[in-house]
$ cat data.cif   # mmCIF, C-alpha atoms
data_final
loop_
_atom_site.label_atom_id
_atom_site.label_comp_id
_atom_site.auth_asym_id
_atom_site.auth_seq_id
_atom_site.Cartn_x
_atom_site.Cartn_y
_atom_site.Cartn_z
CA MET A 675 -26.83 -35.17 31.15
CA ARG A 676 -28.06 -32.25 33.31
CA ILE A 677 -27.90 -29.05 31.27
CA GLY A 678 -28.38 -25.58 32.73
CA ILE A 679 -29.25 -22.65 30.48
CA ILE A 680 -27.98 -19.60 32.36
CA GLY A 681 -30.06 -16.67 31.14
CA ILE A 682 -33.26 -17.14 29.14
CA GLY A 683 -33.13 -14.04 26.99
CA GLY A 684 -33.05 -14.01 23.21
CA VAL A 685 -30.10 -16.41 22.91
CA GLY A 686 -30.86 -18.60 25.92
CA GLY A 687 -34.54 -18.76 25.03
CA TYR A 688 -33.77 -19.90 21.48
CA TYR A 689 -31.08 -22.52 22.17
CA GLY A 690 -32.42 -23.57 25.55
CA GLY A 691 -35.88 -23.77 24.05
CA LYS A 692 -34.66 -26.00 21.25
CA LEU A 693 -32.96 -28.32 23.74
CA ALA A 694 -35.97 -28.50 26.05
CA LEU A 695 -38.33 -29.06 23.14
CA LYS A 696 -36.30 -32.06 22.03
CA TYR A 697 -35.33 -33.67 25.32
CA THR A 698 -37.73 -32.78 28.14
CA GLY A 699 -39.71 -35.85 29.14
CA ARG A 700 -38.32 -37.85 26.24
CA SER A 701 -34.73 -38.68 27.16
CA ARG A 702 -32.20 -38.93 29.93
CA HIS A 703 -31.20 -35.31 29.35
CA GLU A 704 -32.63 -32.77 31.79
CA ILE A 705 -32.87 -29.12 30.66
CA ILE A 706 -32.96 -26.52 33.42
CA PHE A 707 -33.77 -22.85 32.79
CA ASN A 708 -32.15 -20.22 35.02
CA ALA A 709 -34.28 -17.09 34.63
CA ARG A 710 -35.78 -14.39 36.82
CA GLY A 711 -38.59 -11.93 37.41
CA ALA A 712 -41.75 -11.73 35.35
CA HIS A 713 -40.13 -13.78 32.60
CA LEU A 714 -39.53 -16.68 34.98
CA ALA A 715 -43.05 -16.41 36.41
CA ALA A 716 -44.57 -16.60 32.92
CA ILE A 717 -42.40 -19.61 31.98
CA ARG A 718 -43.42 -21.43 35.14
CA ARG A 719 -47.09 -20.66 34.55
CA ASP A 720 -47.49 -21.06 30.80
CA GLY A 721 -44.18 -22.41 29.49
CA LEU A 722 -41.79 -20.55 27.21
CA ARG A 723 -43.34 -19.44 23.94
CA LEU A 724 -40.62 -19.56 21.29
CA VAL A 725 -41.23 -18.01 17.88
CA THR A 726 -38.62 -18.95 15.26
CA VAL A 727 -38.32 -18.63 11.51
CA ASP A 728 -39.32 -22.30 11.35
CA GLY A 729 -42.39 -22.19 13.57
CA GLU A 730 -43.85 -21.42 16.99
CA TYR A 731 -43.54 -23.65 20.04
CA THR A 732 -44.58 -23.73 23.67
CA ILE A 733 -41.83 -25.26 25.76
CA ARG A 734 -41.82 -26.54 29.30
CA PRO A 735 -38.34 -27.32 30.63
CA ALA A 736 -37.71 -29.90 33.31
CA GLN A 737 -37.20 -27.03 35.72
CA ALA A 738 -37.23 -23.20 35.67
CA THR A 739 -35.75 -21.38 38.64
CA ASP A 740 -33.82 -18.34 39.81
CA ASN A 741 -32.24 -20.27 42.68
CA PRO A 742 -28.98 -22.13 41.93
CA LEU A 743 -29.52 -24.30 45.01
CA GLU A 744 -32.60 -25.76 43.31
CA MET A 745 -30.74 -26.52 40.08
CA GLY A 746 -28.49 -29.23 41.46
CA PRO A 747 -25.27 -30.43 39.80
CA LEU A 748 -24.75 -29.51 36.14
CA ASP A 749 -22.84 -31.49 33.53
CA LEU A 750 -23.14 -28.68 31.00
CA ALA A 751 -23.75 -24.99 31.72
CA ILE A 752 -24.62 -22.85 28.70
CA PHE A 753 -24.12 -19.17 29.52
CA CYS A 754 -26.43 -16.77 27.68
CA THR A 755 -26.38 -13.75 30.00
CA LYS A 756 -25.46 -10.19 29.08
CA SER A 757 -21.75 -9.46 29.46
CA TYR A 758 -22.30 -7.08 32.39
CA GLY A 759 -23.97 -9.87 34.37
CA LEU A 760 -21.44 -12.57 33.52
CA GLU A 761 -19.32 -12.69 36.66
CA ASP A 762 -22.33 -12.50 38.99
CA ALA A 763 -24.00 -15.37 37.13
CA ALA A 764 -20.79 -17.41 37.19
CA ARG A 765 -20.32 -16.95 40.91
CA ALA A 766 -23.96 -17.86 41.53
CA ILE A 767 -23.70 -21.27 39.86
CA ALA A 768 -20.08 -22.10 40.67
CA GLY A 769 -21.27 -24.54 43.30
CA ASN A 770 -23.30 -26.44 40.68
CA LEU A 771 -20.17 -27.32 38.71
CA SER A 772 -17.62 -30.08 39.23
CA ASP A 773 -14.20 -30.63 37.69
CA ASP A 774 -15.93 -32.70 34.99
CA SER A 775 -18.51 -30.04 34.09
CA VAL A 776 -18.33 -28.25 30.74
CA VAL A 777 -19.14 -24.54 30.38
CA LEU A 778 -20.21 -23.20 26.99
CA PRO A 779 -20.57 -19.40 26.68
CA LEU A 780 -22.72 -18.04 23.85
CA LEU A 781 -22.28 -14.33 24.58
CA ASN A 782 -21.00 -11.64 22.29
CA GLY A 783 -17.38 -10.62 22.79
CA VAL A 784 -14.01 -12.29 22.49
CA ASP A 785 -12.85 -12.23 26.13
CA ILE A 786 -15.82 -14.09 27.64
CA THR A 787 -14.02 -17.44 28.01
CA ASP A 788 -11.11 -15.80 29.82
CA ARG A 789 -13.49 -14.01 32.18
CA LEU A 790 -15.35 -17.22 32.97
CA ARG A 791 -12.14 -19.14 33.60
CA ALA A 792 -11.14 -16.47 36.10
CA ALA A 793 -14.54 -16.60 37.85
CA LEU A 794 -15.10 -20.37 37.97
CA PRO A 795 -12.90 -22.63 40.11
CA ARG A 796 -14.14 -25.83 38.45
CA GLY A 797 -15.17 -27.00 35.00
CA THR A 798 -13.76 -26.76 31.47
CA VAL A 799 -14.69 -23.48 29.78
CA LEU A 800 -14.93 -23.60 25.98
CA TYR A 801 -15.00 -20.90 23.35
CA GLY A 802 -18.42 -20.42 21.80
CA GLY A 803 -20.72 -18.10 19.92
CA VAL A 804 -23.82 -17.87 17.76
CA PHE A 805 -25.12 -16.10 14.68
CA ILE A 806 -28.67 -15.14 15.57
CA SER A 807 -30.89 -12.14 16.19
CA SER A 808 -33.48 -12.94 18.84
CA ALA A 809 -34.95 -11.18 21.85
CA ILE A 810 -37.50 -11.29 24.62
CA GLN A 811 -40.74 -9.80 23.29
CA GLY A 812 -42.52 -9.99 26.63
CA PRO A 813 -42.68 -12.20 29.73
CA GLY A 814 -42.45 -15.81 28.59
CA LEU A 815 -42.03 -14.90 24.90
CA VAL A 816 -38.81 -15.09 22.86
CA LYS A 817 -38.73 -14.37 19.13
CA GLN A 818 -36.06 -15.00 16.52
CA VAL A 819 -36.02 -12.09 14.09
CA GLY A 820 -33.05 -13.08 11.96
CA GLY A 821 -29.73 -14.84 11.67
CA THR A 822 -28.91 -18.39 10.64
CA GLY A 823 -29.00 -19.84 14.14
CA GLN A 824 -25.50 -21.23 13.65
CA LEU A 825 -23.68 -22.16 16.88
CA PHE A 826 -19.92 -22.75 16.99
CA PHE A 827 -17.73 -23.89 19.85
CA GLY A 828 -14.47 -25.55 20.69
CA PRO A 829 -11.67 -25.95 23.25
CA ALA A 830 -8.53 -23.85 23.63
CA ASP A 831 -6.39 -26.90 22.84
CA ARG A 832 -7.22 -28.35 19.44
CA ALA A 833 -5.88 -31.72 20.63
CA ASP A 834 -8.91 -31.95 22.94
CA VAL A 835 -11.53 -31.33 20.28
CA GLU A 836 -12.86 -34.90 20.01
CA LYS A 837 -13.70 -34.94 23.72
CA PHE A 838 -16.57 -32.60 23.00
CA ARG A 839 -18.07 -34.42 20.02
CA PRO A 840 -20.96 -35.75 22.19
CA ILE A 841 -22.01 -32.18 22.95
CA GLU A 842 -22.04 -31.38 19.24
CA ALA A 843 -24.23 -34.44 18.65
CA LEU A 844 -26.59 -33.44 21.47
CA LEU A 845 -27.02 -29.98 19.98
CA LYS A 846 -27.51 -31.24 16.45
CA GLU A 847 -30.11 -33.79 17.54
CA ALA A 848 -32.11 -30.88 18.96
CA GLY A 849 -32.19 -29.21 15.55
CA ILE A 850 -29.41 -26.74 16.35
CA LYS A 851 -26.90 -25.89 13.62
CA ALA A 852 -23.88 -26.68 15.77
CA GLU A 853 -20.26 -27.00 14.70
CA LEU A 854 -17.38 -28.15 16.89
CA SER A 855 -14.23 -26.38 15.76
CA ALA A 856 -10.57 -27.10 16.43
CA ASP A 857 -9.91 -23.38 15.92
CA ALA A 858 -12.92 -21.73 17.59
CA LEU A 859 -11.10 -18.41 17.91
CA LEU A 860 -11.45 -17.85 14.17
CA PRO A 861 -15.28 -17.89 14.02
CA LEU A 862 -15.37 -15.99 17.34
CA TRP A 863 -13.31 -13.13 15.93
CA THR A 864 -15.01 -13.39 12.53
CA LYS A 865 -18.27 -12.56 14.26
CA TYR A 866 -16.65 -9.88 16.40
CA ILE A 867 -15.04 -7.98 13.53
CA PHE A 868 -18.48 -7.72 11.93
CA ILE A 869 -20.77 -7.04 14.88
CA GLY A 870 -18.53 -4.81 17.02
CA PRO A 871 -18.06 -1.97 14.52
CA MET A 872 -21.67 -2.23 13.35
CA ALA A 873 -22.87 -2.06 16.97
CA GLY A 874 -20.71 0.99 17.58
CA ILE A 875 -21.77 2.96 14.50
CA THR A 876 -25.47 2.05 14.59
CA SER A 877 -25.56 3.05 18.26
CA LEU A 878 -23.66 6.28 17.62
CA THR A 879 -25.76 7.40 14.64
CA GLY A 880 -29.13 5.85 15.50
CA LYS A 881 -29.28 4.48 11.95
CA PRO A 882 -30.07 0.87 10.91
CA PHE A 883 -27.70 -1.20 8.76
CA GLY A 884 -28.95 0.04 5.41
CA GLU A 885 -28.59 3.74 6.21
CA VAL A 886 -25.15 3.28 7.77
CA LEU A 887 -23.79 1.48 4.73
CA ALA A 888 -25.41 3.94 2.31
CA ASN A 889 -23.68 6.91 3.97
CA ALA A 890 -20.07 7.29 2.79
CA ASP A 891 -18.75 8.65 6.10
CA ASP A 892 -20.52 6.06 8.23
CA ARG A 893 -19.40 3.23 5.98
CA ALA A 894 -15.81 4.50 6.10
CA MET A 895 -15.99 4.50 9.92
CA VAL A 896 -17.24 0.90 9.92
CA GLU A 897 -14.47 -0.23 7.57
CA GLY A 898 -11.84 1.65 9.56
CA MET A 899 -12.99 0.07 12.83
CA MET A 900 -12.93 -3.34 11.18
CA ARG A 901 -9.32 -2.75 10.15
CA GLU A 902 -8.49 -1.91 13.76
CA VAL A 903 -10.10 -5.15 14.93
CA GLU A 904 -8.20 -7.05 12.25
CA ALA A 905 -4.88 -5.63 13.46
CA VAL A 906 -5.56 -6.59 17.08
CA ALA A 907 -6.81 -10.07 16.14
CA ARG A 908 -3.80 -10.83 13.95
CA LYS A 909 -1.51 -9.74 16.78
CA LYS A 910 -3.32 -12.29 18.95
CA GLY A 911 -2.70 -15.02 16.38
CA VAL A 912 -6.09 -15.14 14.67
CA ASN A 913 -5.72 -16.42 11.10
CA PHE A 914 -8.12 -14.15 9.27
CA PRO A 915 -8.37 -14.48 5.48
CA ALA A 916 -6.86 -11.56 3.55
CA ASP A 917 -10.28 -10.17 2.57
CA ILE A 918 -11.82 -10.24 6.06
CA VAL A 919 -12.82 -6.56 6.06
CA GLN A 920 -14.46 -6.69 2.63
CA SER A 921 -16.30 -9.90 3.45
CA SER A 922 -17.47 -8.49 6.79
CA VAL A 923 -18.89 -5.38 5.15
CA GLY A 924 -20.58 -7.65 2.62
CA LYS A 925 -22.07 -9.66 5.47
CA ALA A 926 -23.56 -6.47 6.92
CA ALA A 927 -24.95 -5.51 3.51
CA ALA A 928 -26.72 -8.87 3.26
CA PHE A 929 -28.90 -8.04 6.28
CA ALA A 930 -32.28 -6.37 5.84
CA PRO A 931 -31.72 -2.59 5.58
CA ALA A 932 -33.89 -1.97 8.65
CA THR A 933 -31.76 -4.26 10.88
CA LYS A 934 -30.59 -2.79 14.18
CA THR A 935 -27.92 -4.15 16.49
CA SER A 936 -28.76 -5.28 20.01
CA MET A 937 -26.61 -2.50 21.50
CA GLN A 938 -28.40 0.09 19.39
CA LEU A 939 -31.75 -1.20 20.65
CA ASP A 940 -30.50 -1.09 24.24
CA TYR A 941 -29.58 2.58 23.81
CA GLU A 942 -32.96 3.34 22.26
CA ARG A 943 -34.79 1.63 25.13
CA GLY A 944 -32.66 3.15 27.85
CA ASN A 945 -31.30 -0.23 28.91
CA ARG A 946 -27.84 -1.05 30.13
CA THR A 947 -25.59 -1.73 27.12
CA GLU A 948 -22.71 -4.05 26.22
CA LEU A 949 -20.39 -1.16 25.36
CA ASP A 950 -17.76 -2.97 27.42
CA ILE A 951 -17.34 -5.92 25.06
CA PHE A 952 -18.02 -4.23 21.74
CA ILE A 953 -15.94 -1.06 22.03
CA ALA A 954 -14.18 -0.74 25.40
CA TYR A 955 -12.46 -4.10 24.99
CA MET A 956 -10.82 -2.93 21.76
CA VAL A 957 -9.59 0.28 23.39
CA LYS A 958 -8.03 -1.80 26.19
CA ALA A 959 -6.59 -4.45 23.84
CA GLY A 960 -5.12 -1.82 21.53
CA LYS A 961 -3.34 -0.17 24.45
CA GLU A 962 -2.02 -3.47 25.80
CA LEU A 963 -0.72 -4.58 22.39
CA GLY A 964 0.60 -1.21 21.26
CA ILE A 965 -1.80 -1.08 18.30
CA PRO A 966 -3.48 2.27 17.46
CA VAL A 967 -7.29 2.12 17.61
CA PRO A 968 -8.28 5.81 17.24
CA LEU A 969 -11.72 5.11 15.78
CA HIS A 970 -12.68 2.82 18.65
CA LYS A 971 -11.42 5.46 21.09
CA LYS A 972 -13.56 8.10 19.39
CA VAL A 973 -16.72 5.97 19.38
CA TYR A 974 -16.10 4.85 22.95
CA ALA A 975 -15.69 8.41 24.24
CA GLU A 976 -18.91 9.56 22.57
CA LEU A 977 -21.03 6.57 23.61
CA LEU A 978 -19.63 6.61 27.14
CA GLN A 979 -21.17 10.04 27.64
CA ARG A 980 -24.61 8.52 27.05
CA ASP A 981 -24.04 5.96 29.79
CA LEU A 982 -23.21 8.60 32.43
#
$ encode --input "data.cif" --output "C-alpha cells"
Amino acid sequence: MRIGIIGIGGVGGYYGGKLALKYTGRSRHEIIFNARGAHLAAIRRDGLRLVTVDGEYTIRPAQATDNPLEMGPLDLAIFCTKSYGLEDAARAIAGNLSDDSVVLPLLNGVDITDRLRAALPRGTVLYGGVFISSAIQGPGLVKQVGGTGQLFFGPADRADVEKFRPIEALLKEAGIKAELSADALLPLWTKYIFIGPMAGITSLTGKPFGEVLANADDRAMVEGMMREVEAVARKKGVNFPADIVQSSVGKAAAFAPATKTSMQLDYERGNRTELDIFIAYMVKAGKELGIPVPLHKKVYAELLQRDL
C-alpha cells in the first residue's frame, strides 16, 4: 500500500512518523511525507525527529516531497493539514488518487469530510479524528506534549465498515491506538463539543485551561457554548449521551492546568488560526438549522477583530 501523509505538522508528524517508523524498508507499505519549506529540507537531510511520551525516534520515510507529481499514485491519503489549507492540499493531490483510493482526514472540525468530498473527484473520504496535542518544535522536529494518541475513523455508511478493517490493522500494527467505528460522527462531535468551546474561550481570554475553569464567568461561557454545540449536533442526528456537557467539562478539567489550545497558541504567535472550524462553523450551522448560538456569535465577533 502507498500511503501519503499530507501535512507533516504536529498530527502528521506523529501519525506519519509512527507509520514510517514501522514500515519503511521493512514491508510492502510505502510511506510518503508531503511537507514543505525548512521543515521538508530538514527531514530530507536528517530525517524527522519525533519526540513522544513513549520515546524519541529519528524517522526516514520512503520519500519526502512538496511535489505531488513525485508522489505517484496513493492508495491511502491521510490529511493532516490546517483547515485553511485543506482545499488547496486536496486539489494538489487529486491527481494522485483513483476511484479505489481511501482518504482519511485527521483535522479538527466536523465538516472536513464534506469539504474533502466536494474538492476531490475520486476516492472514498472517511470521517476521522485524533485526540493528541503535538506540534512542530522546529524544522524536522515534532513533539507530542499530551493527549492519548487515540485515532478514530469510519465511513458514512455503517454497512461499509468492514471494508476498512485492513486500514485499522495497518494503523494498530504501527503502534497507533486506532479504532474503526460504525458511527464515527459520535466521536467526531464528542471531540468537537470539548475542543471548540475551549479553543474559543482560551483564545479570547488568553488563559490556559486551569484558569478558565477556575473563573466562574469563563467556565459558564464554556458550558454555555457546549450546550449550543449539543443542540446543533442533536439536530444533525448525533446521539450524544445525556451528560455530554458535564463529561466534556470534566475532560477539560483532567488536562494539566497550564494546557493551551492550538488556536490560542496560534493567536499568541501571530499565526493564521482555525477560527473557521472552531467558531465560525457553529455560527453558520446555527443559522442554517434555526438554532440560537448567541455565545458563539459573541466569541466569533470578538476574535474576528483580531484577524483583521
$ atom_distance --input "data.cif" --atom1 "atom CA of Asp720 of chain A" --atom2 "atom CA of Asp762 of chain A"
27.8 Å
$ resolve_selection --input "data.cif" --expression "the PyMOL selection byres ((chain A and resi 834-851) around 7)" --output "number ranges by chain"
A: 692-693, 696, 823-825, 828-829, 831-833, 852-854, 856
$ closest_residue --input "data.cif" --among "A:Val912, A:Leu743, A:Val816, A:Ala926" --to "Val727 of chain A" --atoms "all atoms listed in the file"
A:Val816
$ atom_distance --input "data.cif" --atom1 "atom CA of Phe929 of chain A" --atom2 "atom CA of Ala959 of chain A"
28.6 Å
$ resolve_selection --input "data.cif" --expression "the PyMOL selection byres ((chain A and resi 882) around 9)" --output "PDB file with C-alpha atoms, keeping the file's coordinate frame"
ATOM      1  CA  THR A 876     -25.470   2.050  14.590  1.00  0.00           C
ATOM      2  CA  SER A 877     -25.560   3.050  18.260  1.00  0.00           C
ATOM      3  CA  THR A 879     -25.760   7.400  14.640  1.00  0.00           C
ATOM      4  CA  GLY A 880     -29.130   5.850  15.500  1.00  0.00           C
ATOM      5  CA  LYS A 881     -29.280   4.480  11.950  1.00  0.00           C
ATOM      6  CA  PHE A 883     -27.700  -1.200   8.760  1.00  0.00           C
ATOM      7  CA  GLY A 884     -28.950   0.040   5.410  1.00  0.00           C
ATOM      8  CA  GLU A 885     -28.590   3.740   6.210  1.00  0.00           C
ATOM      9  CA  VAL A 886     -25.150   3.280   7.770  1.00  0.00           C
ATOM     10  CA  LEU A 887     -23.790   1.480   4.730  1.00  0.00           C
ATOM     11  CA  PRO A 931     -31.720  -2.590   5.580  1.00  0.00           C
ATOM     12  CA  ALA A 932     -33.890  -1.970   8.650  1.00  0.00           C
ATOM     13  CA  THR A 933     -31.760  -4.260  10.880  1.00  0.00           C
ATOM     14  CA  LYS A 934     -30.590  -2.790  14.180  1.00  0.00           C
ATOM     15  CA  THR A 935     -27.920  -4.150  16.490  1.00  0.00           C
ATOM     16  CA  GLN A 938     -28.400   0.090  19.390  1.00  0.00           C
TER      17      GLN A 938
END
$ residues_around --input "data.cif" --residues "segment 730-732 of chain A" --least-positions-apart "2" --cutoff "9 Å" --atoms "all atoms listed in the file" --output "VMD selection string"
chain A and resid 691 695 720 to 728 734 817
$ residues_around --input "data.cif" --residues "Arg765 of chain A" --least-positions-apart "5" --cutoff "9 Å" --atoms "all atoms listed in the file" --output "ChimeraX atom specification"
/A:760,793-794
$ write_last_selection --input "data.cif" --atoms "C-alpha atoms" --output "compact mmCIF listing (two decimals), keeping the file's coordinate frame"
# COMPACT_ATOMS: atom_id res chain seq x y z
CA LEU A 760 -21.44 -12.57 33.52
CA ALA A 793 -14.54 -16.60 37.85
CA LEU A 794 -15.10 -20.37 37.97
